[in-house]
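As stored in target_17.txt (compact mmCIF, C-alpha atoms and all ligand atoms):
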```
# COMPACT_ATOMS: atom_id res chain seq x y z
CA MET A 1 -18.94 37.08 2.73
CA ASN A 2 -17.79 33.86 1.10
CA PRO A 3 -14.62 34.08 -0.99
CA THR A 4 -14.82 33.48 -4.73
CA VAL A 5 -13.39 30.02 -5.36
CA ALA A 6 -11.32 29.70 -8.55
CA ARG A 7 -10.41 26.19 -9.71
CA THR A 8 -8.76 27.13 -13.00
CA LYS A 9 -6.37 29.83 -14.16
CA GLU A 10 -9.17 31.42 -16.21
CA GLU A 11 -11.47 31.57 -13.18
CA LEU A 12 -8.66 33.13 -11.15
CA LEU A 13 -8.00 35.84 -13.76
CA ARG A 14 -11.73 36.59 -13.96
CA ALA A 15 -12.03 36.80 -10.15
CA LEU A 16 -9.04 39.13 -9.94
CA GLY A 17 -10.06 41.35 -12.88
CA GLU A 18 -12.15 44.08 -11.26
CA ARG A 19 -10.60 43.54 -7.83
CA ARG A 20 -7.18 44.53 -9.14
CA SER A 21 -8.36 48.06 -9.93
CA ARG A 22 -9.77 48.45 -6.40
CA GLY A 23 -6.48 48.28 -4.49
CA PRO A 24 -3.46 46.12 -3.75
CA ILE A 25 -3.51 42.32 -4.03
CA ALA A 26 -2.04 40.54 -0.99
CA PHE A 27 -1.31 36.87 -1.55
CA VAL A 28 -0.99 33.97 0.92
CA PRO A 29 0.19 30.70 -0.67
CA THR A 30 -0.70 27.57 1.35
CA MET A 31 -1.12 23.83 1.05
CA GLY A 32 -4.44 23.94 2.94
CA ALA A 33 -5.27 22.11 6.19
CA LEU A 34 -5.42 25.67 7.46
CA HIS A 35 -4.69 26.46 11.10
CA ALA A 36 -3.95 29.43 13.36
CA GLY A 37 -0.55 29.95 11.68
CA HIS A 38 -2.18 30.39 8.28
CA ARG A 39 -4.80 32.60 9.90
CA ALA A 40 -2.06 34.95 11.14
CA LEU A 41 -0.77 35.21 7.56
CA MET A 42 -4.27 36.01 6.27
CA ASP A 43 -4.73 38.65 8.99
CA ARG A 44 -1.44 40.28 7.95
CA ALA A 45 -2.52 40.18 4.31
CA ARG A 46 -5.86 41.73 5.26
CA SER A 47 -4.07 44.58 7.05
CA ILE A 48 -2.54 45.62 3.71
CA GLY A 49 -5.97 46.88 2.77
CA GLY A 50 -6.87 45.47 -0.65
CA THR A 51 -7.95 42.02 -1.80
CA VAL A 52 -6.59 38.93 -0.05
CA VAL A 53 -5.95 35.93 -2.30
CA VAL A 54 -5.22 32.55 -0.67
CA SER A 55 -4.01 29.61 -2.74
CA ILE A 56 -4.66 26.07 -1.52
CA PHE A 57 -2.52 23.66 -3.47
CA VAL A 58 -0.68 20.56 -2.27
CA ASN A 59 2.20 20.89 -4.70
CA PRO A 60 3.35 17.45 -5.86
CA MET A 61 6.59 18.91 -7.19
CA GLN A 62 7.91 19.73 -3.70
CA PHE A 63 7.37 16.22 -2.25
CA GLY A 64 9.98 13.50 -2.58
CA PRO A 65 9.00 9.98 -3.76
CA ASN A 66 8.89 8.65 -0.17
CA GLU A 67 7.24 11.68 1.40
CA ASP A 68 3.67 12.30 2.54
CA PHE A 69 2.07 13.82 -0.62
CA LYS A 70 -0.73 11.24 -0.69
CA ARG A 71 -1.53 11.39 3.02
CA TYR A 72 -1.08 15.16 3.39
CA PRO A 73 -4.31 16.38 5.08
CA ARG A 74 -6.92 17.88 2.77
CA THR A 75 -9.72 19.75 4.60
CA PHE A 76 -11.15 22.04 1.94
CA ASP A 77 -14.53 22.83 3.53
CA ASP A 78 -12.97 23.87 6.84
CA ASP A 79 -10.30 25.82 4.94
CA LEU A 80 -12.95 27.75 3.07
CA ALA A 81 -14.77 28.57 6.31
CA MET A 82 -11.54 29.98 7.77
CA CYS A 83 -10.92 32.02 4.62
CA ALA A 84 -14.47 33.43 4.79
CA ASP A 85 -14.00 34.35 8.45
CA ALA A 86 -10.66 36.04 7.65
CA GLY A 87 -12.18 38.22 4.92
CA VAL A 88 -10.36 36.50 2.06
CA GLY A 89 -11.62 37.66 -1.34
CA VAL A 90 -10.42 34.87 -3.62
CA VAL A 91 -9.40 31.27 -2.94
CA PHE A 92 -7.40 29.68 -5.75
CA ALA A 93 -7.60 25.88 -5.38
CA PRO A 94 -6.38 24.25 -8.58
CA ALA A 95 -6.07 20.52 -9.24
CA PRO A 96 -2.51 19.29 -9.98
CA GLU A 97 -3.38 19.01 -13.72
CA VAL A 98 -4.32 22.69 -13.76
CA MET A 99 -0.95 23.76 -12.36
CA TYR A 100 1.03 21.11 -14.27
CA PRO A 101 -0.70 20.23 -17.55
CA ALA A 102 2.67 18.74 -18.47
CA ARG A 103 5.76 18.04 -16.39
CA PRO A 104 7.62 21.37 -16.39
CA LEU A 105 10.95 21.23 -18.21
CA VAL A 106 11.92 24.75 -17.14
CA THR A 107 12.06 25.17 -13.36
CA VAL A 108 13.51 27.57 -10.79
CA ASP A 109 16.96 26.52 -9.58
CA PRO A 110 17.30 27.51 -5.91
CA GLY A 111 21.10 27.54 -6.12
CA PRO A 112 23.35 26.69 -3.18
CA MET A 113 20.86 27.92 -0.54
CA GLY A 114 18.53 25.15 -1.70
CA SER A 115 20.83 22.24 -0.92
CA VAL A 116 21.54 22.89 2.78
CA LEU A 117 19.34 22.10 5.83
CA GLU A 118 15.90 21.07 4.51
CA GLY A 119 17.30 20.91 0.98
CA HIS A 120 19.98 18.45 2.10
CA VAL A 121 17.40 16.14 3.69
CA ARG A 122 14.81 16.71 0.93
CA PRO A 123 16.65 16.91 -2.41
CA GLY A 124 14.63 18.81 -5.03
CA HIS A 125 12.21 20.21 -2.44
CA PHE A 126 13.08 23.87 -2.97
CA ALA A 127 13.11 23.63 -6.76
CA GLY A 128 9.51 22.45 -6.34
CA VAL A 129 8.66 25.22 -3.88
CA LEU A 130 10.24 28.04 -5.89
CA THR A 131 8.79 26.82 -9.18
CA VAL A 132 5.25 26.70 -7.82
CA VAL A 133 5.62 30.05 -6.02
CA ALA A 134 6.95 31.64 -9.23
CA LYS A 135 3.98 30.21 -11.18
CA LEU A 136 1.53 31.42 -8.52
CA PHE A 137 3.13 34.89 -8.49
CA ASN A 138 2.78 35.04 -12.30
CA LEU A 139 -0.88 34.01 -12.09
CA VAL A 140 -1.91 36.19 -9.14
CA ARG A 141 0.52 39.07 -9.83
CA PRO A 142 0.32 40.22 -6.20
CA ASP A 143 1.66 43.49 -4.80
CA ALA A 144 2.66 41.69 -1.60
CA ALA A 145 2.93 38.05 -0.51
CA VAL A 146 2.92 36.83 3.10
CA PHE A 147 4.98 33.89 4.35
CA GLY A 148 5.60 32.34 7.77
CA GLN A 149 8.86 32.50 9.68
CA LYS A 150 8.06 28.86 10.53
CA ASP A 151 9.66 27.90 7.21
CA ALA A 152 12.75 30.09 7.58
CA GLN A 153 14.70 28.57 4.70
CA GLN A 154 11.71 28.84 2.37
CA LEU A 155 11.32 32.49 3.40
CA ALA A 156 15.01 33.23 2.74
CA LEU A 157 14.87 31.50 -0.66
CA ILE A 158 11.71 33.31 -1.72
CA ARG A 159 13.18 36.68 -0.74
CA ARG A 160 16.28 35.78 -2.73
CA MET A 161 14.29 34.57 -5.76
CA VAL A 162 12.23 37.78 -5.81
CA ALA A 163 15.40 39.90 -5.58
CA ASP A 164 17.54 37.89 -8.01
CA LEU A 165 14.79 37.50 -10.62
CA ASP A 166 13.33 41.03 -10.16
CA MET A 167 9.86 39.71 -9.45
CA GLY A 168 8.67 42.95 -7.87
CA VAL A 169 6.59 41.35 -5.12
CA ARG A 170 6.94 42.71 -1.56
CA ILE A 171 7.56 39.79 0.81
CA GLU A 172 6.22 40.05 4.35
CA ALA A 173 7.09 37.58 7.12
CA VAL A 174 4.88 36.62 10.08
CA PRO A 175 6.34 35.16 13.31
CA THR A 176 5.70 31.48 14.04
CA VAL A 177 2.38 30.82 15.78
CA ARG A 178 2.71 28.24 18.58
CA GLU A 179 0.45 26.08 20.72
CA PRO A 180 0.29 27.18 24.39
CA ASP A 181 2.95 24.53 25.23
CA GLY A 182 5.32 25.93 22.59
CA LEU A 183 4.85 23.41 19.76
CA ALA A 184 4.93 25.27 16.44
CA ILE A 185 1.54 24.83 14.80
CA SER A 186 1.76 22.67 11.68
CA SER A 187 -0.68 20.80 9.46
CA ARG A 188 1.43 17.71 10.22
CA ASN A 189 0.92 17.93 14.03
CA ARG A 190 -2.33 15.99 13.63
CA TYR A 191 -0.27 12.90 12.75
CA LEU A 192 1.31 12.86 16.24
CA SER A 193 0.10 10.45 18.93
CA PRO A 194 0.02 11.90 22.48
CA THR A 195 3.41 10.36 23.39
CA GLU A 196 4.96 11.47 20.09
CA ARG A 197 3.68 14.96 20.73
CA THR A 198 5.40 15.00 24.13
CA THR A 199 8.71 14.09 22.48
CA ALA A 200 8.10 16.66 19.72
CA LEU A 201 7.99 19.45 22.32
CA ALA A 202 11.77 19.07 22.63
CA LEU A 203 12.19 20.99 19.36
CA ALA A 204 10.64 24.18 20.74
CA ARG A 205 12.30 23.64 24.13
CA ALA A 206 15.73 23.32 22.50
CA LEU A 207 15.19 26.52 20.53
CA ALA A 208 14.05 28.43 23.61
CA ALA A 209 17.02 27.13 25.63
CA GLY A 210 19.39 28.14 22.83
CA ALA A 211 17.83 31.58 22.46
CA ARG A 212 18.32 32.29 26.17
CA ARG A 213 22.10 31.98 25.61
CA ALA A 214 22.15 34.26 22.52
CA PRO A 215 23.98 37.07 24.38
CA ASP A 216 26.80 34.59 25.19
CA GLY A 217 27.56 33.77 21.56
CA ALA A 218 27.04 31.04 18.98
CA ALA A 219 28.85 28.24 20.82
CA ALA A 220 26.72 28.68 23.94
CA VAL A 221 23.50 28.70 21.87
CA ARG A 222 24.43 25.50 20.03
CA LYS A 223 25.54 23.70 23.20
CA GLU A 224 22.39 24.56 25.15
CA ALA A 225 20.04 23.49 22.34
CA ARG A 226 22.05 20.30 21.71
CA THR A 227 21.68 19.24 25.36
CA VAL A 228 17.87 19.33 25.12
CA LEU A 229 17.90 17.44 21.79
CA ASP A 230 20.31 14.77 23.09
CA ASP A 231 17.85 14.14 25.90
CA ALA A 232 14.95 13.79 23.46
CA ALA A 233 16.98 11.31 21.40
CA THR A 234 16.70 8.85 24.31
CA ALA A 235 12.99 9.50 25.01
CA ASP A 236 10.27 6.96 24.19
CA PRO A 237 9.40 7.47 21.38
CA PRO A 238 12.73 9.09 20.46
CA LEU A 239 13.42 12.22 18.46
CA LEU A 240 15.47 11.31 15.38
CA LEU A 241 17.33 14.55 14.72
CA ASP A 242 18.00 15.57 11.11
CA TYR A 243 19.90 18.76 11.93
CA LEU A 244 20.48 21.57 14.38
CA ALA A 245 22.00 24.66 12.76
CA LEU A 246 22.67 28.26 13.71
CA VAL A 247 22.70 30.22 10.47
CA ASN A 248 22.68 33.67 8.94
CA PRO A 249 19.00 34.37 8.14
CA ASP A 250 19.75 35.74 4.66
CA THR A 251 22.48 33.40 3.39
CA LEU A 252 21.72 30.32 5.56
CA ALA A 253 25.47 29.91 6.13
CA GLU A 254 26.46 28.58 9.58
CA VAL A 255 27.62 31.50 11.75
CA ASP A 256 31.05 31.16 13.36
CA GLU A 257 31.81 31.47 17.05
CA SER A 258 32.85 35.15 16.89
CA TYR A 259 29.68 36.15 15.00
CA ARG A 260 27.50 38.96 16.28
CA GLY A 261 24.19 39.88 14.73
CA PRO A 262 20.96 38.29 13.55
CA ALA A 263 20.82 34.50 13.27
CA VAL A 264 18.28 31.71 13.05
CA LEU A 265 18.54 28.57 15.14
CA ALA A 266 16.91 25.87 13.01
CA VAL A 267 16.04 22.31 13.92
CA ALA A 268 14.41 19.38 12.16
CA GLY A 269 13.72 15.79 13.03
CA ARG A 270 11.32 12.90 13.01
CA VAL A 271 9.12 11.51 15.75
CA GLY A 272 7.54 8.24 14.66
CA THR A 273 6.72 8.78 10.99
CA THR A 274 6.14 12.52 11.33
CA ARG A 275 8.78 15.01 10.25
CA LEU A 276 8.81 18.33 12.09
CA ILE A 277 10.78 21.55 11.63
CA ASP A 278 11.06 24.64 13.79
CA ASN A 279 13.34 27.65 14.20
CA GLU A 280 13.90 30.72 16.32
CA PRO A 281 15.36 34.03 15.13
CA MET A 282 17.73 35.74 17.58
CA GLU A 283 20.47 38.38 17.98
CA ILE A 284 23.80 36.72 18.74
CA GLY A 285 26.40 38.37 20.96
CA VAL A 286 24.37 41.39 22.04
CA PRO A 287 24.77 41.82 25.82
CA ARG A 288 21.64 41.41 27.96
P1 LIG A 301 2.01 25.37 4.31
O1 LIG A 301 0.53 25.31 4.11
O2 LIG A 301 2.51 24.48 5.39
O3 LIG A 301 2.77 25.26 3.02
O4 LIG A 301 2.32 26.82 4.83
C1 LIG A 301 1.83 27.97 4.17
C2 LIG A 301 2.39 29.19 4.82
O5 LIG A 301 2.00 29.22 6.19
C3 LIG A 301 3.93 29.24 4.80
O6 LIG A 301 4.34 30.57 4.54
C4 LIG A 301 4.28 28.81 6.20
O7 LIG A 301 5.53 29.31 6.64
C5 LIG A 301 3.15 29.43 6.99
N1 LIG A 301 2.99 28.75 8.29
C6 LIG A 301 2.81 27.43 8.51
N2 LIG A 301 2.75 27.19 9.85
C7 LIG A 301 2.91 28.38 10.46
C8 LIG A 301 2.94 28.81 11.84
N3 LIG A 301 2.82 27.94 12.84
N4 LIG A 301 3.13 30.12 12.10
C9 LIG A 301 3.27 31.02 11.09
N5 LIG A 301 3.24 30.68 9.78
C10 LIG A 301 3.06 29.39 9.46
```

Rewrite the structure from the file as structure tokens, please.
Amino acid sequence: MNPTVARTKEELLRALGERRSRGPIAFVPTMGALHAGHRALMDRARSIGGTVVVSIFVNPMQFGPNEDFKRYPRTFDDDLAMCADAGVGVVFAPAPEVMYPARPLVTVDPGPMGSVLEGHVRPGHFAGVLTVVAKLFNLVRPDAAVFGQKDAQQLALIRRMVADLDMGVRIEAVPTVREPDGLAISSRNRYLSPTERTTALALARALAAGARRAPDGAAAVRKEARTVLDDAATADPPLLLDYLALVNPDTLAEVDESYRGPAVLAVAGRVGTTRLIDNEPMEIGVPR
């Protein structure tokens, strides 16, 4: 069955009305250009058993002035077909004026976790992300919301926002879905030329190489990943690295060399004009 498409807040509330009494609401926020990664999130949401709500909204507030807001892919008809196939009940696809009738003066401050890693490279990004997610949570009022591990910092910040602001939404995380060659699936991959894509594979290769050394400790993980990235920096076209970081998954603080426990190895960089991020969760210092 085709999902109900809501373009306004009123249409969304109407679409959710009777559905809310029929079971839990599981919510998947997206920016559209849906792919197999989004599909995995929808499948997880479906497994919760009630109504699945997907939002498709390219949120201007999370893009910097020189970023790709205008050229971000918009593929609504294909997105809707995927939602129908995944058993989504409601698609909320508002125009920017619906979400932001006026520039918001009150926004969500992500705190110190919002100014490291992606937040360091993209100032203001996470204030935009958390503000729109808070607005969407208030509109949809879901029981659970599903996010991808692909955006590890976003996931950590959303968990923290929900806890710190008592939002009462259960957050579920889905592992990163990858192409057969390891490249993390992203709506931005379509920007890559064949040679750029070859260089881009270094991100996933560096993470895999780092993860193999996890039992040997943080220094070994960083060194191994760095070697792969250094190589890619001299490729044609080159990888322009923004950061490589091995961090605590909850606090995003760099782990020190004696650390044992869960960590995320995160990497970001540019190939040509395309910016890519990837990460790999791992257990540091646990013998093989
Ligand atoms: P986006 O449309 O890029 O804002 O992403 C919407 C949601 O899909 C976020 O929770 C992302 O983390 C998640 N996502 C994007 N790509 C992937 C992927 N390759 N695997 C798993 N989740 C993903």

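Each of A:Arg222, A:Lys150, A:Arg170, A:Arg260 was compared to ligand LIG 301 (chain A) using only C-alpha atoms and all ligand atoms, and A:Lys150 turns out to be the nearest.
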
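Candidate residues A:Val53, A:Ala36, A:Leu139, A:Met31 were compared for distance to A:Val174, and the nearest is A:Ala36, using only C-alpha atoms.
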
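Excluding stretch 233-248 of chain A and any residue on its chain fewer than 3 positions from it, the residues at most 8 Å away by all atoms listed in the file are Leu117, Val121, Thr195, Glu196, Thr199, Ala200, Ala218, Arg222, Arg226, Leu229, Asp230, Thr251, Leu252, Ala253, Glu254, Val255, Pro262, Ala263, Val264, Leu265, Ala266, Val267, Ala268, Gly269, Arg270, Val271 and Gly272 of chain A.
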
Would you name the residues within 7 Å of ligand LIG 301 (chain A), counting all atoms listed in the file, and put them as a compact mmCIF listing (two decimals) with C-alpha atoms, keeping the file's coordinate frame?
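Saved the output as selection_2.txt:
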```txt
# COMPACT_ATOMS: atom_id res chain seq x y z
CA PRO A 29 0.19 30.70 -0.67
CA THR A 30 -0.70 27.57 1.35
CA MET A 31 -1.12 23.83 1.05
CA GLY A 32 -4.44 23.94 2.94
CA ALA A 33 -5.27 22.11 6.19
CA LEU A 34 -5.42 25.67 7.46
CA ALA A 36 -3.95 29.43 13.36
CA GLY A 37 -0.55 29.95 11.68
CA HIS A 38 -2.18 30.39 8.28
CA ALA A 40 -2.06 34.95 11.14
CA LEU A 41 -0.77 35.21 7.56
CA VAL A 146 2.92 36.83 3.10
CA PHE A 147 4.98 33.89 4.35
CA GLY A 148 5.60 32.34 7.77
CA GLN A 149 8.86 32.50 9.68
CA LYS A 150 8.06 28.86 10.53
CA ASP A 151 9.66 27.90 7.21
CA VAL A 174 4.88 36.62 10.08
CA PRO A 175 6.34 35.16 13.31
CA THR A 176 5.70 31.48 14.04
CA VAL A 177 2.38 30.82 15.78
CA ARG A 178 2.71 28.24 18.58
CA ALA A 184 4.93 25.27 16.44
CA ILE A 185 1.54 24.83 14.80
CA SER A 186 1.76 22.67 11.68
CA SER A 187 -0.68 20.80 9.46
```

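Restricting the calculation to all atoms listed in the file, the smallest distance between A:Tyr72 and any of A:Asn2, A:Asn189, A:Thr227, A:Thr198 is found for A:Asn189.
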
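Atom CA of A:Pro104 is found 20.1 Å from atom CA of A:Val162.
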
Rounded to one decimal place, report the atom CA of A:Tyr100-atom CA of A:Arg190 distance in Å.
28.6 Å
